[in-house]
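Source file: start.txt (compact mmCIF, C-alpha atoms)
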# COMPACT_ATOMS: atom_id res chain seq x y z
CA MET T 89 6.03 -1.77 18.47
CA ARG T 90 6.42 -0.75 22.13
CA GLN T 91 3.90 1.83 23.21
CA GLY T 92 6.50 3.49 25.38
CA SER T 93 8.47 4.69 22.37
CA SER T 94 8.93 8.41 21.84
CA LEU T 95 6.71 8.52 18.74
CA THR T 96 3.72 6.83 20.31
CA GLY T 97 4.29 8.86 23.46
CA LEU T 98 3.97 11.98 21.36
CA PHE T 99 0.70 10.69 19.88
CA ASP T 100 -0.61 9.96 23.38
CA SER T 101 0.07 13.52 24.51
CA VAL T 102 -1.33 15.22 21.40
CA PHE T 103 -4.50 13.10 21.00
CA PRO T 104 -6.24 12.55 24.37
CA GLY T 105 -8.46 9.48 24.77
CA PRO T 106 -7.78 6.13 23.08
CA ARG T 107 -10.78 6.17 20.74
CA ALA T 108 -10.31 9.75 19.53
CA GLN T 109 -6.60 9.14 19.22
CA ALA T 110 -7.13 6.01 17.13
CA TYR T 111 -9.62 7.71 14.81
CA LEU T 112 -7.32 10.67 14.19
CA LEU T 113 -4.35 8.39 13.60
CA LEU T 114 -6.29 6.26 11.13
CA VAL T 115 -7.55 9.27 9.18
CA PHE T 116 -3.98 10.59 9.04
CA THR T 117 -2.67 7.18 7.98
CA THR T 118 -5.15 6.66 5.16
CA LEU T 119 -4.67 10.24 3.99
CA ILE T 120 -0.93 9.59 3.63
CA TRP T 121 -1.49 6.29 1.84
CA GLY T 122 -3.89 8.03 -0.53
CA ALA T 123 -1.30 10.78 -1.10
CA ASN T 124 1.23 8.18 -2.28
CA ALA T 125 -0.62 7.93 -5.60
CA VAL T 126 -0.32 11.70 -6.04
CA ALA T 127 3.39 11.55 -5.16
CA ALA T 128 3.86 8.89 -7.84
CA ARG T 129 2.43 11.23 -10.48
CA LEU T 130 4.40 14.23 -9.20
CA ALA T 131 7.59 12.17 -9.53
CA VAL T 132 7.18 11.74 -13.31
CA GLY T 133 10.06 13.59 -14.97
CA GLU T 134 11.60 14.47 -11.59
CA ILE T 135 13.08 11.07 -10.66
CA SER T 136 12.98 7.73 -12.48
CA PRO T 137 10.69 5.05 -10.96
CA MET T 138 13.30 2.43 -10.05
CA THR T 139 15.51 5.09 -8.47
CA LEU T 140 12.54 6.33 -6.46
CA THR T 141 11.79 2.77 -5.34
CA PHE T 142 15.37 2.23 -4.16
CA ALA T 143 15.70 5.66 -2.53
CA ARG T 144 12.37 5.20 -0.74
CA TRP T 145 13.64 2.11 1.05
CA ILE T 146 16.99 3.73 1.86
CA VAL T 147 15.18 6.52 3.71
CA CYS T 148 12.79 4.08 5.37
CA CYS T 149 15.57 1.75 6.53
CA ALA T 150 17.53 4.67 7.97
CA ALA T 151 14.44 5.78 9.92
CA LEU T 152 13.83 2.23 11.13
CA TYR T 153 17.41 1.96 12.37
CA PHE T 154 17.08 5.03 14.57
CA ALA T 155 13.57 4.16 15.78
CA ALA T 156 13.82 0.41 16.36
CA ARG T 157 17.50 -0.54 16.50
CA GLN T 158 17.24 -1.92 20.05
CA GLN T 159 14.32 -4.19 19.13
CA ILE T 160 16.11 -5.28 15.95
CA ALA T 161 19.28 -6.16 17.90
CA GLN T 162 17.21 -8.15 20.39
CA HIS T 163 15.08 -10.15 17.94
CA TRP T 164 16.92 -10.44 14.61
CA ARG T 165 18.08 -14.00 15.28
CA SER T 166 14.45 -15.11 15.49
CA LEU T 167 14.07 -14.12 11.84
CA LEU T 168 16.77 -16.44 10.50
CA PRO T 169 14.64 -19.62 10.21
CA SER T 170 12.15 -17.66 8.06
CA TRP T 171 14.67 -15.87 5.84
CA ARG T 172 13.30 -17.37 2.60
CA SER T 173 9.74 -16.16 3.18
CA ILE T 174 11.00 -12.78 4.40
CA ALA T 175 13.10 -12.41 1.24
CA LEU T 176 10.15 -13.34 -0.97
CA MET T 177 7.74 -11.00 0.79
CA GLY T 178 10.17 -8.08 0.73
CA ALA T 179 11.09 -8.63 -2.91
CA LEU T 180 7.55 -9.02 -4.26
CA GLY T 181 5.34 -7.23 -1.76
CA PHE T 182 7.58 -4.20 -1.28
CA THR T 183 10.02 -3.88 -4.20
CA GLY T 184 7.76 -5.42 -6.84
CA PHE T 185 4.73 -3.48 -5.73
CA ASN T 186 6.50 -0.12 -5.57
CA ALA T 187 8.42 -0.57 -8.81
CA LEU T 188 5.18 -1.26 -10.70
CA PHE T 189 3.35 1.45 -8.73
CA TYR T 190 5.78 4.22 -9.66
CA ALA T 191 6.27 2.96 -13.22
CA ALA T 192 2.50 2.88 -13.74
CA ALA T 193 2.28 6.56 -12.80
CA HIS T 194 3.98 7.35 -16.13
CA HIS T 195 1.01 5.87 -18.00
CA THR T 196 -2.12 6.40 -15.90
CA THR T 197 -3.67 8.91 -13.52
CA ALA T 198 -3.41 9.14 -9.75
CA ILE T 199 -7.18 8.70 -9.58
CA ASN T 200 -6.97 5.35 -11.38
CA ILE T 201 -4.04 4.27 -9.20
CA ALA T 202 -5.88 5.06 -5.98
CA ILE T 203 -9.14 3.40 -7.01
CA ILE T 204 -7.49 0.20 -8.24
CA GLN T 205 -5.28 0.10 -5.13
CA GLY T 206 -8.45 0.06 -3.05
CA THR T 207 -9.19 -3.46 -4.29
CA ILE T 208 -6.34 -5.05 -2.29
CA PRO T 209 -8.61 -6.24 0.59
CA VAL T 210 -10.81 -8.13 -1.86
CA LEU T 211 -7.78 -9.66 -3.58
CA VAL T 212 -6.62 -10.83 -0.16
CA LEU T 213 -10.03 -12.43 0.39
CA ILE T 214 -9.76 -14.24 -2.94
CA GLY T 215 -6.27 -15.44 -2.02
CA SER T 216 -7.53 -16.65 1.36
CA VAL T 217 -10.13 -18.80 -0.39
CA LEU T 218 -7.65 -20.23 -2.88
CA LEU T 219 -4.73 -20.82 -0.50
CA PHE T 220 -6.32 -21.38 2.90
CA SER T 221 -9.78 -22.67 1.96
CA THR T 222 -11.40 -19.79 3.81
CA ARG T 223 -15.17 -20.11 3.79
CA VAL T 224 -17.04 -17.29 2.09
CA SER T 225 -20.72 -16.50 1.89
CA ALA T 226 -22.74 -15.78 -1.23
CA LEU T 227 -22.80 -12.10 -0.26
CA GLN T 228 -19.01 -12.05 0.03
CA ILE T 229 -18.75 -13.51 -3.46
CA LEU T 230 -21.13 -10.80 -4.66
CA GLY T 231 -18.92 -8.18 -3.02
CA VAL T 232 -15.85 -9.57 -4.80
CA LEU T 233 -17.61 -9.48 -8.16
CA ILE T 234 -18.79 -5.90 -7.60
CA THR T 235 -15.26 -4.79 -6.67
CA LEU T 236 -13.79 -6.51 -9.73
CA GLY T 237 -16.43 -4.70 -11.75
CA GLY T 238 -14.99 -1.45 -10.39
CA ILE T 239 -11.56 -2.43 -11.73
CA ALA T 240 -13.10 -3.18 -15.13
CA VAL T 241 -14.79 0.23 -15.20
CA VAL T 242 -11.51 2.03 -14.45
CA ALA T 243 -9.46 -0.05 -16.89
CA SER T 244 -11.98 0.41 -19.69
CA GLN T 245 -12.69 4.07 -18.90
CA GLY T 246 -16.35 3.14 -18.79
CA GLN T 247 -16.38 1.87 -22.38
CA VAL T 248 -17.61 -1.68 -22.91
CA SER T 249 -15.91 -1.76 -26.32
CA ARG T 250 -12.52 -1.53 -24.63
CA LEU T 251 -13.32 -4.59 -22.55
CA ALA T 252 -14.38 -6.53 -25.63
CA GLY T 253 -11.21 -5.56 -27.47
CA LEU T 254 -8.93 -5.94 -24.44
CA GLU T 255 -7.71 -2.37 -24.95
CA PHE T 256 -6.38 -1.42 -21.55
CA ASN T 257 -4.06 1.31 -20.37
CA MET T 258 -0.73 -0.35 -19.57
CA GLY T 259 -0.41 1.69 -16.38
CA ASP T 260 -3.73 0.34 -15.10
CA VAL T 261 -2.61 -3.22 -15.86
CA TRP T 262 0.64 -2.66 -13.94
CA ILE T 263 -1.29 -1.39 -10.92
CA VAL T 264 -3.49 -4.48 -10.97
CA VAL T 265 -0.37 -6.69 -11.05
CA ALA T 266 1.16 -4.60 -8.25
CA CYS T 267 -1.95 -5.09 -6.13
CA LEU T 268 -1.77 -8.85 -6.73
CA LEU T 269 1.82 -8.85 -5.48
CA TYR T 270 0.91 -6.89 -2.38
CA ALA T 271 -2.05 -9.14 -1.69
CA GLY T 272 0.41 -12.05 -1.76
CA TYR T 273 2.54 -10.22 0.80
CA ALA T 274 -0.49 -9.64 3.02
CA LEU T 275 -1.40 -13.33 2.84
CA GLY T 276 2.15 -14.24 3.81
CA LEU T 277 1.78 -12.24 7.02
CA ARG T 278 -0.35 -15.06 8.42
CA ARG T 279 2.83 -17.06 8.94
CA ARG T 280 5.27 -14.32 9.82
CA PRO T 281 7.77 -14.98 12.63
CA ALA T 282 6.68 -14.22 16.19
CA VAL T 283 8.67 -10.99 16.54
CA PRO T 284 7.56 -7.37 17.11
CA ALA T 285 5.89 -5.86 14.05
CA MET T 286 8.60 -3.23 13.65
CA VAL T 287 11.34 -5.87 13.59
CA PHE T 288 9.62 -7.85 10.85
CA PHE T 289 8.92 -4.64 8.93
CA ALA T 290 12.60 -3.67 9.19
CA ALA T 291 13.67 -7.05 7.78
CA THR T 292 11.34 -6.86 4.77
CA ALA T 293 12.28 -3.21 4.17
CA ALA T 294 15.97 -4.17 4.15
CA VAL T 295 15.25 -6.89 1.59
CA ALA T 296 13.28 -4.39 -0.51
CA CYS T 297 16.22 -1.99 -0.47
CA ILE T 298 18.70 -4.66 -1.61
CA VAL T 299 16.41 -6.11 -4.30
CA SER T 300 15.80 -2.61 -5.68
CA LEU T 301 19.48 -2.23 -6.64
CA PRO T 302 19.37 -4.48 -9.76
CA LEU T 303 16.30 -2.57 -10.95
CA VAL T 304 18.22 0.71 -10.71
CA ALA T 305 21.14 -0.86 -12.60
CA ALA T 306 18.76 -2.03 -15.34
CA GLU T 307 17.17 1.41 -15.49
CA ILE T 308 20.59 3.00 -16.01
CA ALA T 309 21.66 0.37 -18.58
CA LEU T 310 18.47 0.89 -20.61
CA GLY T 311 18.94 4.67 -20.62
CA HIS T 312 15.84 5.38 -18.55
CA PHE T 313 17.63 6.90 -15.57
CA VAL T 314 16.59 10.44 -14.68
CA VAL T 315 18.89 12.50 -12.47
CA PRO T 316 16.72 13.48 -9.49
CA THR T 317 15.72 17.12 -9.35
CA ALA T 318 15.19 19.05 -6.11
CA LYS T 319 11.51 18.18 -6.37
CA GLY T 320 12.39 14.53 -6.95
CA LEU T 321 14.57 14.44 -3.84
CA ALA T 322 11.80 16.07 -1.81
CA LEU T 323 9.42 13.34 -3.00
CA VAL T 324 11.96 10.70 -1.93
CA VAL T 325 11.94 12.13 1.59
CA PHE T 326 8.15 12.26 1.58
CA VAL T 327 7.50 8.67 0.42
CA GLY T 328 10.41 7.33 2.47
CA LEU T 329 9.28 8.89 5.74
CA LEU T 330 5.48 9.19 5.50
CA PRO T 331 3.90 6.36 3.41
CA SER T 332 6.78 3.98 4.14
CA PHE T 333 7.56 4.64 7.80
CA ILE T 334 5.49 7.02 9.92
CA SER T 335 2.14 5.81 8.59
CA GLN T 336 3.12 2.23 9.46
CA ILE T 337 3.74 3.32 13.06
CA THR T 338 0.48 5.25 13.31
CA PHE T 339 -1.45 2.31 11.88
CA ILE T 340 0.12 -0.20 14.28
CA HIS T 341 -0.57 2.12 17.23
CA ALA T 342 -4.21 2.64 16.17
CA VAL T 343 -4.75 -1.13 15.92
CA THR T 344 -3.45 -1.57 19.47
CA LEU T 345 -5.95 1.05 20.66
CA ILE T 346 -9.21 -0.11 19.05
CA GLY T 347 -8.45 -3.53 17.58
CA PRO T 348 -7.89 -4.74 14.01
CA ALA T 349 -11.55 -5.14 13.01
CA ARG T 350 -12.54 -1.56 13.82
CA ALA T 351 -9.30 -0.17 12.39
CA GLY T 352 -9.87 -2.10 9.17
CA VAL T 353 -13.00 -0.08 8.39
CA PHE T 354 -10.87 3.04 7.94
CA LEU T 355 -8.82 1.44 5.15
CA ASN T 356 -11.70 2.14 2.79
CA LEU T 357 -10.75 5.81 3.02
CA VAL T 358 -7.62 5.22 0.90
CA PRO T 359 -9.46 5.07 -2.47
CA VAL T 360 -11.46 8.11 -1.34
CA PHE T 361 -8.55 10.32 -0.28
CA GLY T 362 -6.42 9.37 -3.31
CA PRO T 363 -8.83 10.64 -6.00
CA LEU T 364 -9.74 13.69 -3.89
CA LEU T 365 -6.08 14.70 -3.55
CA ALA T 366 -5.49 14.00 -7.25
CA VAL T 367 -8.24 16.46 -8.15
CA LEU T 368 -7.12 19.11 -5.64
CA ILE T 369 -3.34 18.89 -6.14
CA LEU T 370 -2.89 17.63 -9.70
CA GLY T 371 -6.07 19.03 -11.20
CA GLU T 372 -6.96 15.64 -12.66
CA PRO T 373 -10.52 15.47 -14.02
CA LEU T 374 -12.94 13.27 -12.11
CA SER T 375 -15.16 11.62 -14.71
CA ALA T 376 -18.51 9.92 -14.25
CA TYR T 377 -16.92 6.51 -14.74
CA HIS T 378 -14.50 7.27 -11.89
CA ALA T 379 -17.44 7.92 -9.57
CA LEU T 380 -19.09 4.68 -10.73
CA ALA T 381 -15.88 2.71 -10.25
CA LEU T 382 -15.31 4.18 -6.79
CA ALA T 383 -18.87 3.32 -5.77
CA LEU T 384 -18.42 -0.26 -7.02
CA VAL T 385 -15.06 -0.70 -5.28
CA LEU T 386 -16.21 0.71 -1.93
CA GLY T 387 -19.57 -1.04 -2.12
CA GLY T 388 -17.96 -4.35 -2.99
CA ILE T 389 -15.42 -4.04 -0.17
CA TYR T 390 -18.19 -3.17 2.29
CA ILE T 391 -20.24 -6.22 1.33
CA ALA T 392 -17.23 -8.56 1.29
CA GLU T 393 -15.99 -7.38 4.70
CA SER T 394 -19.35 -6.98 6.44
CA PHE T 395 -20.87 -10.38 5.68
CA GLY T 396 -18.02 -12.68 6.59
CA PRO T 397 -15.75 -13.48 9.53
CA ARG T 398 -13.91 -10.42 10.80
CA SER T 399 -10.13 -10.66 10.57
CA SER T 400 -7.10 -8.46 10.85
CA PRO T 401 -7.08 -5.54 8.41
CA THR T 402 -4.91 -5.76 5.36
CA PRO T 403 -1.70 -3.76 5.93
CA ARG T 404 -1.10 -1.10 3.30
CA PRO T 405 1.96 -0.23 1.26
Starting from the file, give its structure as structure tokens.
Amino acid sequence: MRQGSSLTGLFDSVFPGPRAQAYLLLVFTTLIWGANAVAARLAVGEISPMTLTFARWIVCCAALYFAARQQIAQHWRSLLPSWRSIALMGALGFTGFNALFYAAAHHTTAINIAIIQGTIPVLVLIGSVLLFSTRVSALQILGVLITLGGIAVVASQGQVSRLAGLEFNMGDVWIVVACLLYAGYALGLRRRPAVPAMVFFAATAAVACIVSLPLVAAEIALGHFVVPTAKGLALVVFVGLLPSFISQITFIHAVTLIGPARAGVFLNLVPVFGPLLAVLILGEPLSAYHALALALVLGGIYIAESFGPRSSPTPRP
């Protein structure tokens, strides 16, 4: 994204100094990404999940058109040779992830969603080893195992008997699958076309919008469609503009200011802000096993990211 744009110009004037500006932008970004889990729970009964997924990308695409239409017009032809990978990444990483994300909210808590979502960086590391033969240290492997232990604690609600009997909450399982899809999207970014980040984002968002249509049709055909309420429409605007669009811009701008490695550290705030907002806004109870799971997830991510080669941070949904 060009730093001379009106949005980044506004950030430059409000937040003086590149380091302070980057830190404030990253805290804001991760707060919004953590709030997405709360929005998913608030949407239950107000708008059906596939409709929310489709409407989210409609709002996001409209915002992208007004913010980046000149860049899109200039670079869209460069995307054509990579249309298959763009279609796959948009369909699975954006539509697939969000459809499962919002559907899972009907069956599990925002706290669980946020904690499990925090494992995406470790899933990306695992994918890097399997697909790109990335070298990992023994401590990185330990970090992966600790993080996966955090998932097990959340999914089993801290009860070993549930693990033995494979008795998991379906919503938690869907979030794990959603995170796997998004990790695949993040891995695909290694080979994305050499175009501005906003242009590539616009292409994948457009794919996500189109691919969401059959899911809405299936939702209607199966009788699961919920006519959006005023609250549901407000949530559409929120997730379409903030988690989907504005937070992407603030994250990109922060990375340009302090670099990807330092910006990546702040991503660990997402599974912190999510549960905190769920307690404050939704009144969800924070159990002892949630605290244990959060400690395992954050500790595992810290070990996995601190004792290996530093790379670009994993982009968030």
Next item on the list: Compare T:Val343, T:Val261, T:Cys148, T:Ile199 by their minimum atom-to-atom distance to Gln109 (chain T), counting only C-alpha atoms, and give me the closest one.
Entry: T:Val343
Notebook entry, point to check: What lies within 9 Å of Val210 (chain T) using only C-alpha atoms, ignoring chain neighbours under 3 positions off, as JSON, numbers by chain?
Noted result: {"T": [206, 207, 213, 214, 215, 231, 232, 235, 236, 271, 388, 389, 392, 393]}
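What separates CA of Leu301 (chain T) from CA of Trp121 (chain T) is a distance of 24.2 Å.
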Checklist line | Separation of CA of Ile334 (chain T) from CA of Val287 (chain T) in Å | finding: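 Taking CA of Val287 (chain T) as the start and CA of Ile334 (chain T) as the end point, the length is 14.6 Å.
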Within 9 Å of region 288-299 of chain T, which residues of region 94-150 of chain T come that close, and what is the closest atom pair and distance in Å for each? Count all atoms listed in the file and give it as CSV.
residue,atom,partner,partner_atom,distance
T:Thr141,CA,T:Cys297,CA,8.1
T:Phe142,CA,T:Cys297,CA,5.7
T:Ala143,CA,T:Cys297,CA,7.9
T:Arg144,CA,T:Cys297,CA,8.2
T:Trp145,CA,T:Cys297,CA,5.1
T:Ile146,CA,T:Cys297,CA,6.2
T:Cys148,CA,T:Ala293,CA,7.4
T:Cys149,CA,T:Ala294,CA,6.4
Enumerate, in order of chain and increasing residue number, the residues of region 370-392 of chain T with an atom no farther than 7 Å from region 237-244 of chain T, each with its shortest atom pair and distance in Å to one decimal, counting only C-alpha atoms, as JSON lines.
{"residue": "T:Tyr377", "atom": "CA", "partner": "T:Val241", "partner_atom": "CA", "distance": 6.6}
{"residue": "T:His378", "atom": "CA", "partner": "T:Val242", "partner_atom": "CA", "distance": 6.6}
{"residue": "T:Ala381", "atom": "CA", "partner": "T:Gly238", "partner_atom": "CA", "distance": 4.3}
{"residue": "T:Leu382", "atom": "CA", "partner": "T:Gly238", "partner_atom": "CA", "distance": 6.7}
{"residue": "T:Leu384", "atom": "CA", "partner": "T:Gly238", "partner_atom": "CA", "distance": 5.0}
{"residue": "T:Val385", "atom": "CA", "partner": "T:Gly238", "partner_atom": "CA", "distance": 5.2}
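Residues in contact with Ala202 (chain T) at up to 7 Å, not including ones fewer than 2 positions away on its chain and judged by only C-alpha atoms, are Gly122, Ala125, Ala198, Ile199, Asn200, Ile204, Gln205, Gly206, Pro359, Gly362 and Pro363 of chain T.
Distance check against Leu233 (chain T) using all atoms listed in the file: of T:Gly371, T:Gly276, T:Gly387, T:Gly133, the minimum falls on T:Gly387.
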Margin query: When you count all atoms listed in the file, which of these residues is closest to Trp171 (chain T): T:Arg280, T:His195, T:Gln159, T:Ala151?
Written below: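 Smallest distance to Trp171 (chain T) is found for T:Arg280.
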Padded axis-aligned box of region 162-169 of chain T (5 Å per side), centre and edge lengths, Å, one decimal, as JSON:
{"center_x": 16.1, "center_y": -13.9, "center_z": 15.3, "size_x": 14.0, "size_y": 21.5, "size_z": 20.2}
Next item on the list: Have a look at T:Ile203, T:Pro209, T:Lys319, T:Gln228 and name the one nearest to Leu374 (chain T); count all atoms listed in the file.
Entry: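 Checking each of T:Ile203, T:Pro209, T:Lys319, T:Gln228 against Leu374 (chain T), counting all atoms listed in the file, the winner is T:Ile203.
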Check: Between CA of Val265 (chain T) and CA of Ala193 (chain T), what is the spacing in Å?
Finding: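 Spanning CA of Ala193 (chain T) to CA of Val265 (chain T) is a straight-line distance of 13.6 Å.
Of the residues under consideration (T:Leu211, T:Ile369, T:Leu380, T:Leu277), T:Leu277 shows the shortest atom-to-atom contact distance to Ser173 (chain T) when counting only C-alpha atoms.
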Would you write out, as a tab-separated table, a table of all residues in region 241-337 of chain T that have an atom no more than 7 Å from an atom of region 183-186 of chain T, listing for each the closest atom pair and the distance in Å to one decimal, considering all atoms listed in the file and ordering rows by chain and rising residue number?
residue	atom	partner	partner_atom	distance
T:Ala266	CA	T:Phe185	CA	4.5
T:Cys267	CA	T:Phe185	CA	6.9
T:Leu269	CA	T:Phe185	CA	6.1
T:Tyr270	CA	T:Phe185	CA	6.1
T:Ala296	CA	T:Thr183	CA	5.0
T:Val299	CA	T:Thr183	CA	6.8
T:Ser300	CA	T:Thr183	CA	6.1
Note to self: When you count all atoms listed in the file, which of these residues is closest to Ala161 (chain T): T:Ala110, T:Val283, T:Val224, T:Ile120?
What the structure shows: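 Nearest to Ala161 (chain T): T:Val283.
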Next item on the list: Determine, counting all atoms listed in the file, which protein, DNA and RNA residues have an atom within 10 Å of an atom of Pro316 (chain T); residues of the same chain fewer than 3 positions away are not included. Present the result as a ChimeraX atom specification.
Entry: /T:131,133-136,139-140,313,319-324
